[in-house]
Amino acid sequence: MNNPIAIPQSNRWMADVLPGLTTAAVVIPKALAYATIAQLPVQAGLFAALVPMAIYAVLGSSRVLSVSTTTPIAILCAVAIGEALRNDPSLNPLIAAATLSLLVGMMLLAARVLRMGFLADFISEPVLTGFKAGVGFVIVVDQLPKLLGIHIHKEGFFRDIVAILHQLSELSWLTLGVAGATLAVIFLSRHFLPRAPAPLLAVAAGIAASALLGLDGLGVGVVGPIQGGLPGLMLPQPALFEAMWPAAAGIALLSFTESIAAARAFVQRGDPPINANRELLAIGAANAAGAFIGSMPAGGGTSQTAVSRNAGSQTQAASLVVAAAALATLLFLSPLIELMPHATLAAVVIAYSIGLINPAELDAIRKIRRMEFLWALVACLGVMVLGTLKGIVVAIVLSMVSILSLANNPRVDELRRKPGTQVFRPRSDEHPEDEGIPGLLIARPEGGIYFANARNVSAKLRELAPETLPEVLLLDLSAVPMLEFTALHMLIDAEERLRSEGTELWLAALNPEVLALVQRTPLAGRLGRERMYFTVPQAARAFEARQAARPGKPESISEHIQPTGA
């Protein structure tokens, strides 16, 4: 057997220099744009691509996850930082960002101590899809005034749309032209130069046009003076913790969820597995460390991680190259960034936020499960109607409701035998030829049975019952991982009621945990070994053997399978 040639680790790190530079060409312009969404100086975006990027590279479990900031995180930052600035107009926005980042980091580190990596699956995919779509719509509307060269007082998604429509007569055609040219550069680059860093080309074109044509003097807003050089020390203000913690909790959950999703999406054969608790540590430390230079909160981004992987990144050395490029930008390129038109940044934001609105994915959800499609729509509308921060609360609540709905409404099937075999499968119109066994009703509930769903299981069992009572009701428990106390009492009461009417309760395919629970109750003694079977086919053969010698007795079953207290 031939073994693959081992690549020395030092060579692999050197091979990541070019992919790192390619990734930086995408990450840095987007980081500048995301800072404007968060109502921060543009250098705050560079800070997020500097310290958090480097810290994650050292501590993270993914080889290629690119950690700076993302569109949903930026819009949540805007809510918290905007509120802080309204309460204290003299507050340095970078201090607000530092406080928010520290809170996010502390929450993620606390979650690591509590081993809460399972939170990676806390928000359901359909709800997250709807939430992201809502964020996409909010960001597009938020950036439209900069795109059009108008000014509005922002009061919420739908009111902002009305305000924009009222201000259309005052739009700046030159500003709109700059934005249109930026969008053209991005989309044409994607089409004709797919490997080129489209955001970098768009930003370079905007800066060049601003310098050559003097756009600032022609009424096109530009970024203006920024603080270049090494970032200074920023001390978070604990006095802001109380007001900022709800936004920080939302950002922490979203940052972790997005980071895990992006990391898992780009795992390749041979990569180490993604460790959710280690990710909590790495992303938490990245945010906490970034706070002390005024970085906006950070998380892993899917699009920039895709660029890194497609460019050939093999290790987190590529992320260290991105961090070095962000530092070089702060040290040497600040005078150029000052010339960048706001319309250019707005166009970059819109171009890379519009992808959050994914009609094809929503349609795929609709075709599979209409209820989850409805949840996605509600999550989307929640963001637009209630705002981003309350929208993420809606997303969390919807995810919890979806989990409870599925858990509390378990499926219960009647099983029938495929002709000529010992295969038992759910009764369906697709297989009308499947055979029922006279005198035997086989029912299979799916999922854990506990106090909240025991009545639903009972009701569904009654719906399966024929008008005449079978001699035996056989419960196939192969798909039941656990039985809670209420469910056990349901079985005990059902066995008593059925026995009083001449019907026997049999059990089959109990897993070891469920079997142990049943054996601790009086039910085990009543059933005995002769009414508990390893498999459904074994129980069916035993019933048929008995029927060959003795027929059964039919009566009504509908009132006998119900939970305790019914």
# chains A, B, ... in the order shown; residues from 1 in each chain; ligands from 1
$ residues_around --residues "range 441-450 of chain A" --least-positions-apart "6" --cutoff "8 Å" --atoms "only C-alpha atoms" --output "ChimeraX atom specification"
/A:407,410-416,457,461,464-465,470,472-487
$ select_by_dssp --residues "range 5-204 of chain A" --states "alpha helix (DSSP H)" --output "ChimeraX atom specification"
/A:9-15,17-37,43-48,51-59,71-87,93-113,125-148,157-167,173-192,198-204
$ residues_around --residues "Tyr533 in chain A" --least-positions-apart "3" --cutoff "7 Å" --atoms "only C-alpha atoms" --output "number ranges by chain"
A: 507-509, 538-539
$ write_last_selection --atoms "N, CA and C atoms" --output "compact mmCIF listing (two decimals), in the first residue's frame"
# COMPACT_ATOMS: atom_id res chain seq x y z
N LEU A 507 -44.66 -6.33 24.65
CA LEU A 507 -43.61 -5.36 24.31
C LEU A 507 -42.51 -6.06 23.53
N ALA A 508 -41.91 -5.31 22.60
CA ALA A 508 -40.82 -5.88 21.80
C ALA A 508 -39.74 -4.82 21.57
N ALA A 509 -38.50 -5.30 21.42
CA ALA A 509 -37.36 -4.49 21.00
C ALA A 509 -37.04 -3.35 21.95
N GLN A 538 -40.10 -11.96 16.08
CA GLN A 538 -40.16 -13.03 17.08
C GLN A 538 -41.51 -13.02 17.79
N ALA A 539 -42.00 -11.82 18.16
CA ALA A 539 -43.30 -11.73 18.82
C ALA A 539 -44.42 -12.16 17.88
$ closest_residue --among "A:Val127, A:Ile337, A:Leu517, A:Val321" --to "Val401 in chain A" --atoms "only C-alpha atoms"
A:Val127
$ closest_atom_pairs --of "range 220-324 of chain A" --to "range 168-179 of chain A" --cutoff "12 Å" --atoms "only C-alpha atoms" --output "CSV"
residue,atom,partner,partner_atom,distance
A:Val220,CA,A:Thr175,CA,5.5
A:Gly221,CA,A:Thr175,CA,8.0
A:Val222,CA,A:Thr175,CA,10.3
$ residues_around --residues "Thr421 in chain A" --least-positions-apart "3" --cutoff "12 Å" --atoms "only C-alpha atoms" --output "ChimeraX atom specification"
/A:416-418,424-425,434-435,537,540-541
$ residues_around --residues "Gly284 in chain A" --least-positions-apart "4" --cutoff "7 Å" --atoms "only C-alpha atoms" --output "PyMOL selection string"
chain A and resi 104-106+108-109+280+288
$ residues_around --residues "range 29-33 of chain A" --least-positions-apart "2" --cutoff "9 Å" --atoms "only C-alpha atoms" --output "PyMOL selection string"
chain A and resi 24-27+35-37+41-49+68-70+199-200+202-203+342+344-349+352
$ atom_distance --atom1 "CA of Leu404 in chain A" --atom2 "CA of Ile75 in chain A"
29.5 Å
$ select_by_dssp --residues "range 166-358 of chain A" --states "strand (DSSP E or B)" --output "list in words"
Val222, Gly299, Gly300 and Pro341 of chain A
$ closest_residue --among "A:Ala74, A:Ile186, A:Val141, A:Ala494" --to "Ile164 in chain A" --atoms "only C-alpha atoms"
A:Val141
$ decode --residues "range 401-483 of chain A" --atoms "C-alpha atoms" --output "PDB file, in the first residue's frame"
ATOM      1  CA  VAL A 401     -40.742  25.931  20.006  1.00  0.00           C
ATOM      2  CA  SER A 402     -39.744  23.830  16.992  1.00  0.00           C
ATOM      3  CA  ILE A 403     -37.814  21.418  19.221  1.00  0.00           C
ATOM      4  CA  LEU A 404     -40.713  21.133  21.661  1.00  0.00           C
ATOM      5  CA  SER A 405     -43.221  20.733  18.847  1.00  0.00           C
ATOM      6  CA  LEU A 406     -41.285  17.850  17.334  1.00  0.00           C
ATOM      7  CA  ALA A 407     -40.616  16.221  20.709  1.00  0.00           C
ATOM      8  CA  ASN A 408     -44.207  16.552  21.905  1.00  0.00           C
ATOM      9  CA  ASN A 409     -45.799  15.227  18.744  1.00  0.00           C
ATOM     10  CA  PRO A 410     -44.058  11.887  18.153  1.00  0.00           C
ATOM     11  CA  ARG A 411     -45.014   9.683  15.257  1.00  0.00           C
ATOM     12  CA  VAL A 412     -46.941   6.465  15.988  1.00  0.00           C
ATOM     13  CA  ASP A 413     -47.308   3.928  13.155  1.00  0.00           C
ATOM     14  CA  GLU A 414     -49.211   0.702  12.718  1.00  0.00           C
ATOM     15  CA  LEU A 415     -46.824  -1.952  11.396  1.00  0.00           C
ATOM     16  CA  ARG A 416     -47.752  -4.555   8.802  1.00  0.00           C
ATOM     17  CA  ARG A 417     -45.793  -7.423   7.283  1.00  0.00           C
ATOM     18  CA  LYS A 418     -44.388  -7.352   3.796  1.00  0.00           C
ATOM     19  CA  PRO A 419     -45.796 -10.439   1.984  1.00  0.00           C
ATOM     20  CA  GLY A 420     -43.526 -13.448   2.023  1.00  0.00           C
ATOM     21  CA  THR A 421     -41.061 -11.905   4.476  1.00  0.00           C
ATOM     22  CA  GLN A 422     -40.542 -11.177   8.139  1.00  0.00           C
ATOM     23  CA  VAL A 423     -40.129  -7.455   7.396  1.00  0.00           C
ATOM     24  CA  PHE A 424     -42.557  -5.193   9.254  1.00  0.00           C
ATOM     25  CA  ARG A 425     -43.018  -1.635   8.037  1.00  0.00           C
ATOM     26  CA  PRO A 426     -45.453   1.259   8.627  1.00  0.00           C
ATOM     27  CA  ARG A 427     -48.842   0.870   7.028  1.00  0.00           C
ATOM     28  CA  SER A 428     -49.143   3.135   3.978  1.00  0.00           C
ATOM     29  CA  ASP A 429     -51.131   3.590   0.797  1.00  0.00           C
ATOM     30  CA  GLU A 430     -47.953   2.867  -1.170  1.00  0.00           C
ATOM     31  CA  HIS A 431     -48.000  -0.745   0.035  1.00  0.00           C
ATOM     32  CA  PRO A 432     -51.655  -1.862   0.197  1.00  0.00           C
ATOM     33  CA  GLU A 433     -50.508  -5.448  -0.188  1.00  0.00           C
ATOM     34  CA  ASP A 434     -48.853  -5.520   3.254  1.00  0.00           C
ATOM     35  CA  GLU A 435     -50.504  -8.021   5.595  1.00  0.00           C
ATOM     36  CA  GLY A 436     -52.101  -7.449   8.957  1.00  0.00           C
ATOM     37  CA  ILE A 437     -52.168 -10.371  11.371  1.00  0.00           C
ATOM     38  CA  PRO A 438     -55.737 -11.067  12.580  1.00  0.00           C
ATOM     39  CA  GLY A 439     -56.034 -10.490  16.309  1.00  0.00           C
ATOM     40  CA  LEU A 440     -52.663  -8.662  16.536  1.00  0.00           C
ATOM     41  CA  LEU A 441     -52.210  -4.882  16.399  1.00  0.00           C
ATOM     42  CA  ILE A 442     -48.551  -3.808  16.110  1.00  0.00           C
ATOM     43  CA  ALA A 443     -47.826  -0.150  16.922  1.00  0.00           C
ATOM     44  CA  ARG A 444     -44.471   1.645  16.878  1.00  0.00           C
ATOM     45  CA  PRO A 445     -44.042   5.046  18.593  1.00  0.00           C
ATOM     46  CA  GLU A 446     -40.931   7.032  17.665  1.00  0.00           C
ATOM     47  CA  GLY A 447     -38.939   9.176  20.078  1.00  0.00           C
ATOM     48  CA  GLY A 448     -38.704   9.486  23.828  1.00  0.00           C
ATOM     49  CA  ILE A 449     -42.007   9.299  25.697  1.00  0.00           C
ATOM     50  CA  TYR A 450     -42.350  11.590  28.706  1.00  0.00           C
ATOM     51  CA  PHE A 451     -44.937  13.608  30.675  1.00  0.00           C
ATOM     52  CA  ALA A 452     -45.428  16.282  27.970  1.00  0.00           C
ATOM     53  CA  ASN A 453     -46.135  13.912  25.071  1.00  0.00           C
ATOM     54  CA  ALA A 454     -47.598  10.832  26.799  1.00  0.00           C
ATOM     55  CA  ARG A 455     -51.160  11.945  26.088  1.00  0.00           C
ATOM     56  CA  ASN A 456     -50.347  12.519  22.410  1.00  0.00           C
ATOM     57  CA  VAL A 457     -48.872   9.019  22.142  1.00  0.00           C
ATOM     58  CA  SER A 458     -51.941   7.611  23.877  1.00  0.00           C
ATOM     59  CA  ALA A 459     -54.313   9.432  21.527  1.00  0.00           C
ATOM     60  CA  LYS A 460     -52.451   8.208  18.456  1.00  0.00           C
ATOM     61  CA  LEU A 461     -52.542   4.636  19.721  1.00  0.00           C
ATOM     62  CA  ARG A 462     -56.299   4.902  20.137  1.00  0.00           C
ATOM     63  CA  GLU A 463     -56.596   6.213  16.551  1.00  0.00           C
ATOM     64  CA  LEU A 464     -54.811   3.093  15.291  1.00  0.00           C
ATOM     65  CA  ALA A 465     -57.150   0.731  17.108  1.00  0.00           C
ATOM     66  CA  PRO A 466     -59.770  -1.086  14.979  1.00  0.00           C
ATOM     67  CA  GLU A 467     -63.426  -1.211  15.963  1.00  0.00           C
ATOM     68  CA  THR A 468     -62.938  -4.710  17.304  1.00  0.00           C
ATOM     69  CA  LEU A 469     -60.424  -5.232  20.038  1.00  0.00           C
ATOM     70  CA  PRO A 470     -57.379  -7.329  19.035  1.00  0.00           C
ATOM     71  CA  GLU A 471     -56.335 -10.165  21.244  1.00  0.00           C
ATOM     72  CA  VAL A 472     -52.859  -8.645  21.572  1.00  0.00           C
ATOM     73  CA  LEU A 473     -51.546  -5.082  21.350  1.00  0.00           C
ATOM     74  CA  LEU A 474     -47.818  -5.331  20.544  1.00  0.00           C
ATOM     75  CA  LEU A 475     -45.761  -2.185  21.145  1.00  0.00           C
ATOM     76  CA  ASP A 476     -42.544  -2.042  19.139  1.00  0.00           C
ATOM     77  CA  LEU A 477     -40.271   0.148  21.320  1.00  0.00           C
ATOM     78  CA  SER A 478     -37.203  -0.063  19.096  1.00  0.00           C
ATOM     79  CA  ALA A 479     -37.496   3.662  18.247  1.00  0.00           C
ATOM     80  CA  VAL A 480     -38.095   4.772  21.855  1.00  0.00           C
ATOM     81  CA  PRO A 481     -34.764   5.765  23.456  1.00  0.00           C
ATOM     82  CA  MET A 482     -36.237   6.576  26.880  1.00  0.00           C
ATOM     83  CA  LEU A 483     -39.399   6.287  28.981  1.00  0.00           C
TER      84      LEU A 483
END
